[in-house]
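Asks: Dropping a structure here in structure tokens format, bear with me for questions.
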Amino acid sequence: MTETKTRVRTHVEANPGVHFNAVSRNLDIATGQTQYHLRRLLRQNSLQRLELGGRTHYFPLGYSELEQSAIALLRRETTRELVVILLDRGRVHPDDLAEEADIARSTVEWHLSALIEQELAAKEYEGRRVSVTLTRPELLRELLVEIDPSLPDRLVDRFSRLVDSLLEQ
């Protein structure tokens with residue numbers, strides 16, 4: 001195995017759910033080189049891949065589809081923040097989530113819809129009032145430990161939040 005291919009595989013193993021751009025950026029290798037080595041590792045069944053929310057995420061072997069989707073979503077700072085609030089408070093109204101996280105309600109709904117689509121959260125209706133709960137809190141609590149996003153990933157998430165807040169005005 002070449003040194004670069006080994007570095008790519010080791011990076012993915014150390015950072016489950018890392019997305020393509022982060023592999024290139026963190027290892028300081030060209031995108032073409034990243035593509036080449038990731039494709040080879042996938043063909044050799046050394047890694048797994050998941051496309052979710054417009055990003056391709058890479059995983060070492062051994063993660064279930066549910067774990068992969070949960071990790072991919074938790075790699076987003078805003079989703080992670082909402083999950084932590086829900087883990088702490090249990091059932092929460094989306095307006096309260098938006099206020100506590102200090103983000104636009106539309107941004108909360110976007111992140112919640114991804115969690116709901118992956119069956120990690122659910123909306124519960126009580127008359128006209130809606131609240132959100134996590135359907136797999138134990139799994140999310142476990143996987144939060146594995147998520148340590150890089151500074152560039154956090155900056156991209158914060159930039160997205162800034163743009164969302166400017167568009168809301």
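Numbering starts fresh at 1 for the residues of each chain in the structure tokens, the chains themselves are lettered A, B, ... in the order given, and ligands are numbered from 1 as they appear.
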Using DSSP on the backbone coordinates, identify the residues of chain A assigned to alpha helix (DSSP H); present them as an MDAnalysis selection string.

Replies: chainID A and resid 3:14 20:27 31:43 65:74 77:89 94:101 105:117 137:144 151:168

Asks: Kindly assemble as JSON lines a list of the segment 31-114 of chain A residues that lie within 12 Å of segment 126-146 of chain A, each paired with its nearest atom pair and their distance in Å to one decimal, using only C-alpha atoms, sorted first by chain and then by ascending residue number.

Replies:
{"residue": "A:Phe59", "atom": "CA", "partner": "A:Glu146", "partner_atom": "CA", "distance": 11.9}
{"residue": "A:Tyr63", "atom": "CA", "partner": "A:Leu143", "partner_atom": "CA", "distance": 10.9}
{"residue": "A:Ser64", "atom": "CA", "partner": "A:Leu139", "partner_atom": "CA", "distance": 11.6}
{"residue": "A:Leu66", "atom": "CA", "partner": "A:Leu139", "partner_atom": "CA", "distance": 9.4}
{"residue": "A:Glu67", "atom": "CA", "partner": "A:Leu143", "partner_atom": "CA", "distance": 7.8}
{"residue": "A:Gln68", "atom": "CA", "partner": "A:Leu143", "partner_atom": "CA", "distance": 9.7}
{"residue": "A:Ser69", "atom": "CA", "partner": "A:Leu140", "partner_atom": "CA", "distance": 10.7}
{"residue": "A:Ala70", "atom": "CA", "partner": "A:Leu140", "partner_atom": "CA", "distance": 7.0}
{"residue": "A:Ile71", "atom": "CA", "partner": "A:Leu143", "partner_atom": "CA", "distance": 6.5}
{"residue": "A:Ala72", "atom": "CA", "partner": "A:Leu143", "partner_atom": "CA", "distance": 10.3}
{"residue": "A:Leu73", "atom": "CA", "partner": "A:Leu140", "partner_atom": "CA", "distance": 10.2}
{"residue": "A:Leu74", "atom": "CA", "partner": "A:Leu144", "partner_atom": "CA", "distance": 7.0}
{"residue": "A:Arg75", "atom": "CA", "partner": "A:Leu144", "partner_atom": "CA", "distance": 9.0}
{"residue": "A:Arg76", "atom": "CA", "partner": "A:Leu144", "partner_atom": "CA", "distance": 11.3}
{"residue": "A:Glu77", "atom": "CA", "partner": "A:Leu144", "partner_atom": "CA", "distance": 11.2}
{"residue": "A:Thr79", "atom": "CA", "partner": "A:Leu144", "partner_atom": "CA", "distance": 11.1}
{"residue": "A:Arg80", "atom": "CA", "partner": "A:Leu144", "partner_atom": "CA", "distance": 7.9}
{"residue": "A:Glu81", "atom": "CA", "partner": "A:Leu144", "partner_atom": "CA", "distance": 10.5}
{"residue": "A:Leu82", "atom": "CA", "partner": "A:Leu134", "partner_atom": "CA", "distance": 10.3}
{"residue": "A:Val83", "atom": "CA", "partner": "A:Leu134", "partner_atom": "CA", "distance": 7.8}
{"residue": "A:Val84", "atom": "CA", "partner": "A:Arg141", "partner_atom": "CA", "distance": 8.4}
{"residue": "A:Ile85", "atom": "CA", "partner": "A:Thr133", "partner_atom": "CA", "distance": 10.3}
{"residue": "A:Leu86", "atom": "CA", "partner": "A:Thr133", "partner_atom": "CA", "distance": 6.6}
{"residue": "A:Leu87", "atom": "CA", "partner": "A:Pro137", "partner_atom": "CA", "distance": 6.5}
{"residue": "A:Asp88", "atom": "CA", "partner": "A:Pro137", "partner_atom": "CA", "distance": 10.0}
{"residue": "A:Arg89", "atom": "CA", "partner": "A:Thr133", "partner_atom": "CA", "distance": 9.1}
{"residue": "A:Gly90", "atom": "CA", "partner": "A:Thr133", "partner_atom": "CA", "distance": 6.0}
{"residue": "A:Arg91", "atom": "CA", "partner": "A:Thr133", "partner_atom": "CA", "distance": 4.8}
{"residue": "A:Val92", "atom": "CA", "partner": "A:Ser131", "partner_atom": "CA", "distance": 5.1}
{"residue": "A:His93", "atom": "CA", "partner": "A:Ser131", "partner_atom": "CA", "distance": 4.2}
{"residue": "A:Pro94", "atom": "CA", "partner": "A:Ser131", "partner_atom": "CA", "distance": 6.5}
{"residue": "A:Asp95", "atom": "CA", "partner": "A:Ser131", "partner_atom": "CA", "distance": 9.2}
{"residue": "A:Asp96", "atom": "CA", "partner": "A:Ser131", "partner_atom": "CA", "distance": 9.4}
{"residue": "A:Leu97", "atom": "CA", "partner": "A:Val132", "partner_atom": "CA", "distance": 9.2}
{"residue": "A:Val108", "atom": "CA", "partner": "A:Val132", "partner_atom": "CA", "distance": 11.0}
{"residue": "A:Glu109", "atom": "CA", "partner": "A:Val132", "partner_atom": "CA", "distance": 10.4}
{"residue": "A:His111", "atom": "CA", "partner": "A:Val132", "partner_atom": "CA", "distance": 11.8}
{"residue": "A:Leu112", "atom": "CA", "partner": "A:Val132", "partner_atom": "CA", "distance": 8.3}
{"residue": "A:Ser113", "atom": "CA", "partner": "A:Val132", "partner_atom": "CA", "distance": 10.6}

Asks: Determine, counting only C-alpha atoms, which protein, DNA and RNA residues have an atom within 10 Å of an atom of Leu42 of chain A; residues of the same chain fewer than 6 positions away are not included. Present the result as a VMD selection string.

Replies: chain A and resid 48 to 49 58 to 60

Asks: Take atom CA of Ala14 of chain A and atom CA of Gly32 of chain A and report the distance between them in Å, one decimal.

Replies: 21.6 Å

Asks: Rank A:Ala98, A:Glu119, A:Thr6, A:Ile103 by their smallest atom-to-atom distance to Glu65 of chain A, using only C-alpha atoms, and report the top residue only.

Replies: A:Glu119

Asks: Which distance in Å separates atom CA of Arg9 of chain A and atom CA of Leu115 of chain A, to one decimal?

Replies: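 Calculated distance between atom CA of Arg9 of chain A and atom CA of Leu115 of chain A is 27.7 Å.
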
Asks: Extract the full set of strand (DSSP E) residues from segment 26-115 of chain A according to DSSP on the backbone, and format it as a list in words.

Replies: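 Of segment 26-115 of chain A, the ones in strand (DSSP E) are Leu47, Gln48, Arg49, Leu50, Glu51, Leu52, Arg55, Thr56, His57, Tyr58, Phe59 and Pro60 of chain A.
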
Asks: Find, counting only C-alpha atoms, the residue in A:Glu99, A:Thr2, A:Arg55, A:Ala121 that gets nearest to Gln33 of chain A.

Replies: A:Thr2

Asks: Calculate how many Å separate atom CA of Gln44 of chain A from atom CA of Arg7 of chain A, rounding to one decimal.

Replies: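 Taking atom CA of Gln44 of chain A as the start and atom CA of Arg7 of chain A as the end point, the length is 15.7 Å.
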